[in-house]
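Below: the structure, in structure tokens.
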Amino acid sequence: MTSLIILKQQHTESTYASEFAYLWSVCQAQVRQVFDSVETIIYADNTSATIKPGQADYVLLLGRENIQFTAASLRHMKDAIDQGAKIVVPQRLVDFPSAKDTPIYTLRDYENIEAKILSEGDRSHISSRSLLPISLIAGSVYDLHLSKIPVSEIFSKPDLLEITLITRAGVYHQFIDYYGQVRDDILPYLPQQAHHVLEVGCGRGLTGRFIQNRLGCRVTGVELNPVVAQEAEQHLWRVIVGDIQTVPLEQNTYDAAVATELFEHLVEPELFLEKMRRVLKPGGRIILSVPNIGHYAIVEDLIAGRWDYIPIGLLCYTHVRFFTGATIEAWLTRLGFATYQIIPQLTELPERFLTLPASFEVDVENLRAKGFYVIIDNA
């Protein structure tokens, strides 16, 4: 019977994100497929966390980064330790040559490229002494080298051990900074003479700061995550903390309202559009970026009997509404918006989709679109 202790560093902002609570539950489920007995110790700042000598056969060290791994890679890591390795650190998927040019939109995409890497023994040749964001450590090695070191130091100085102790096996995926993207792609759709812009779901405020700097305007952000909102306050003219569906906003105030990858998270997105219509000045503009559920990667997953939620992406765990271009147009028409554009965000389309039988009604542009810019002018 194999026993494992997961020593996980808690990220404060992730405690307010349902997406990453879901990711953590997925990771724990993968671990339980490989080890018979699993215990978890959560480490947060100013809290004590210790592992007693001899407490477990293996220790899985996880940093504060939001990563995903599968049972397949964990088994490769465990096998390496069982064959004499002391500490096993997997590589980021994107560091493998075979993965650099392979688009990954779904969990099935990830599993397919991971299986190829594990079967072929592909190597990225990137060396590092760091135990983070993930490493599997033999229990005896943890007892000998790490048990007397404060856990705070293990997480703050993850390269404190010699590289000779580290073996490479398995892969993992590290997600982008969910709150820290700069969406400069929306700039062409913003009114260039805008004086006051509302950004809904402003995250750390980096997109809003970009808009302020480029247009010389004020940006008011709305952010649900209170920890992240504190960062946004350093960059934006004003930040409102709360749910856009319930927070009060001044009417007839903004020249533009921006919401990227937010519309699909709302239970009643039509009420959101009505609210934006009220807070905009006459002639103002709503700029949305909305993922497309009709993208070829989703269609292919459905044919394979798959629909897997992931923390970020086309099938994000907190999406509650799903759209194609036709769906978006139907909603706008129903709500009485007369002036709008729906602009596809196109990706490459695999050749196999161009040779489908004529009996299928195929919308090639919709299959290529990973999402849409939705530009709505407020009459």
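Order determines the names: the first chain of the structure tokens is A, the second B, and so forth; residues in each chain are numbered 1 upward, and ligands are numbered 1 upward as they are shown.
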
- prompt: Where does DSSP see alpha helix (DSSP H) in segment 57-297 of chain A, if you list the residues as a PyMOL selection string?
  reply: chain A and resi 71-82+97-100+107-120+139-141+151-156+206-215+226-232+269-279+296-297

message: From a backbone DSSP assignment, name each residue in segment 77-240 of chain A labelled strand (DSSP E), as a ChimeraX atom specification.
response: /A:87-92,134-138,166-174,196-200,218-223,238-240

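Remark: for Asn366 of chain A, the closest of the candidate residues A:Glu329, A:Ala44, A:Tyr296, A:Trp307 is A:Tyr296 (distances computed over only C-alpha atoms).
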
- request: Would you mind reading off the distance between atom CA of Glu162 of chain A and atom CA of Leu144 of chain A, one decimal, in Å?
  value: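 For atom CA of Glu162 of chain A relative to atom CA of Leu144 of chain A, the distance reads 13.4 Å.
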
message: Excluding segment 78-89 of chain A and its own-chain neighbours fewer than 3 positions away, which residues fall within 6 Å of it when counting only C-alpha atoms? Please give them as a PyMOL selection string.
response: chain A and resi 75+135-138+165-168

Interface rows for segment 266-357 of chain A against segment 223-247 of chain A: nearest pair, Å to one decimal, 9 Å, only C-alpha atoms, as a Markdown table:
```
| residue | atom | partner | partner_atom | distance |
| --- | --- | --- | --- | --- |
| A:Leu266 | CA | A:Gln245 | CA | 8.0 |
| A:Glu268 | CA | A:Gln245 | CA | 8.5 |
| A:Pro269 | CA | A:Gln245 | CA | 8.9 |
| A:Leu271 | CA | A:Gln245 | CA | 7.8 |
| A:Phe272 | CA | A:Gln245 | CA | 6.5 |
| A:Lys275 | CA | A:Gln245 | CA | 8.5 |
```

If you keep C-alpha atoms, can you produce a file of those selected residues as an mmCIF file, in the first residue's frame?
```
data_model
loop_
_atom_site.group_PDB
_atom_site.id
_atom_site.type_symbol
_atom_site.label_atom_id
_atom_site.label_comp_id
_atom_site.auth_asym_id
_atom_site.auth_seq_id
_atom_site.Cartn_x
_atom_site.Cartn_y
_atom_site.Cartn_z
ATOM 1 C CA LEU A 266 -23.334 35.147 -16.591
ATOM 2 C CA GLU A 268 -28.602 36.084 -17.415
ATOM 3 C CA PRO A 269 -26.329 37.791 -19.930
ATOM 4 C CA LEU A 271 -29.681 41.566 -18.215
ATOM 5 C CA PHE A 272 -25.993 42.450 -18.403
ATOM 6 C CA LYS A 275 -27.401 47.220 -17.840
#
```

query: Near Pro350 of chain A, counting only C-alpha atoms, which residues have an atom at most 12 Å away, once you skip same-chain residues fewer than 2 positions from it, shown as a VMD selection string?
result: chain A and resid 102 to 103 295 to 297 300 347 to 348 352 to 356 364 367 to 368

Those residues you just picked out, can you put them in a file as a compact mmCIF listing (two decimals), in the first residue's frame with N, CA and C atoms?
```
# COMPACT_ATOMS: atom_id res chain seq x y z
N THR A 102 1.63 22.49 -31.63
CA THR A 102 0.36 21.76 -31.55
C THR A 102 -0.63 22.55 -30.71
N PRO A 103 -1.70 23.07 -31.32
CA PRO A 103 -2.68 23.82 -30.53
C PRO A 103 -3.41 22.91 -29.56
N HIS A 295 -16.36 25.75 -32.20
CA HIS A 295 -15.00 25.58 -32.71
C HIS A 295 -14.72 24.10 -32.98
N TYR A 296 -13.88 23.85 -33.96
CA TYR A 296 -13.67 22.46 -34.40
C TYR A 296 -13.19 21.55 -33.27
N ALA A 297 -12.41 22.09 -32.30
CA ALA A 297 -11.90 21.25 -31.21
C ALA A 297 -13.03 20.71 -30.35
N GLU A 300 -14.97 18.05 -32.45
CA GLU A 300 -14.22 16.79 -32.50
C GLU A 300 -14.31 16.04 -31.16
N THR A 347 -8.77 30.58 -36.21
CA THR A 347 -7.61 29.72 -36.02
C THR A 347 -7.44 28.86 -37.28
N GLU A 348 -6.34 28.11 -37.32
CA GLU A 348 -6.16 27.17 -38.42
C GLU A 348 -7.18 26.04 -38.30
N ARG A 352 -8.70 17.67 -42.29
CA ARG A 352 -9.76 16.66 -42.27
C ARG A 352 -11.15 17.28 -42.24
N PHE A 353 -11.27 18.53 -41.77
CA PHE A 353 -12.58 19.17 -41.74
C PHE A 353 -12.97 19.74 -43.09
N LEU A 354 -12.02 19.82 -44.00
CA LEU A 354 -12.31 20.34 -45.34
C LEU A 354 -12.74 19.23 -46.28
N THR A 355 -12.69 18.00 -45.82
CA THR A 355 -13.04 16.87 -46.68
C THR A 355 -14.23 16.09 -46.11
N LEU A 356 -15.05 16.75 -45.31
CA LEU A 356 -16.23 16.09 -44.77
C LEU A 356 -17.22 15.79 -45.90
N VAL A 364 -17.59 26.39 -42.34
CA VAL A 364 -16.14 26.35 -42.17
C VAL A 364 -15.65 27.51 -41.30
N LEU A 367 -16.32 26.79 -37.66
CA LEU A 367 -15.40 25.78 -37.16
C LEU A 367 -14.02 26.36 -36.85
N ARG A 368 -13.62 27.37 -37.60
CA ARG A 368 -12.31 28.01 -37.42
C ARG A 368 -12.30 29.01 -36.28
```

- line: Of A:Tyr254, A:Phe175, A:Tyr373, A:Phe96, the one nearest to Val279 of chain A when counting only C-alpha atoms is A:Tyr254

- request: Give me the residues within 12 Å of Thr15 of chain A as a VMD selection string, counting only C-alpha atoms and dropping any in the same chain fewer than 3 places off.
  value: chain A and resid 9 to 12 18 to 24 44 64 66 225 to 228

- request: Could you please determine the separation between atom CA of Asp363 of chain A and atom CA of Val258 of chain A in Å, to one decimal place?
  value: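 These atoms are spaced 28.3 Å apart.
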
task: Take atom CA of Phe323 of chain A and atom CA of Asn292 of chain A and report the distance between them in Å, one decimal.
output: 5.6 Å
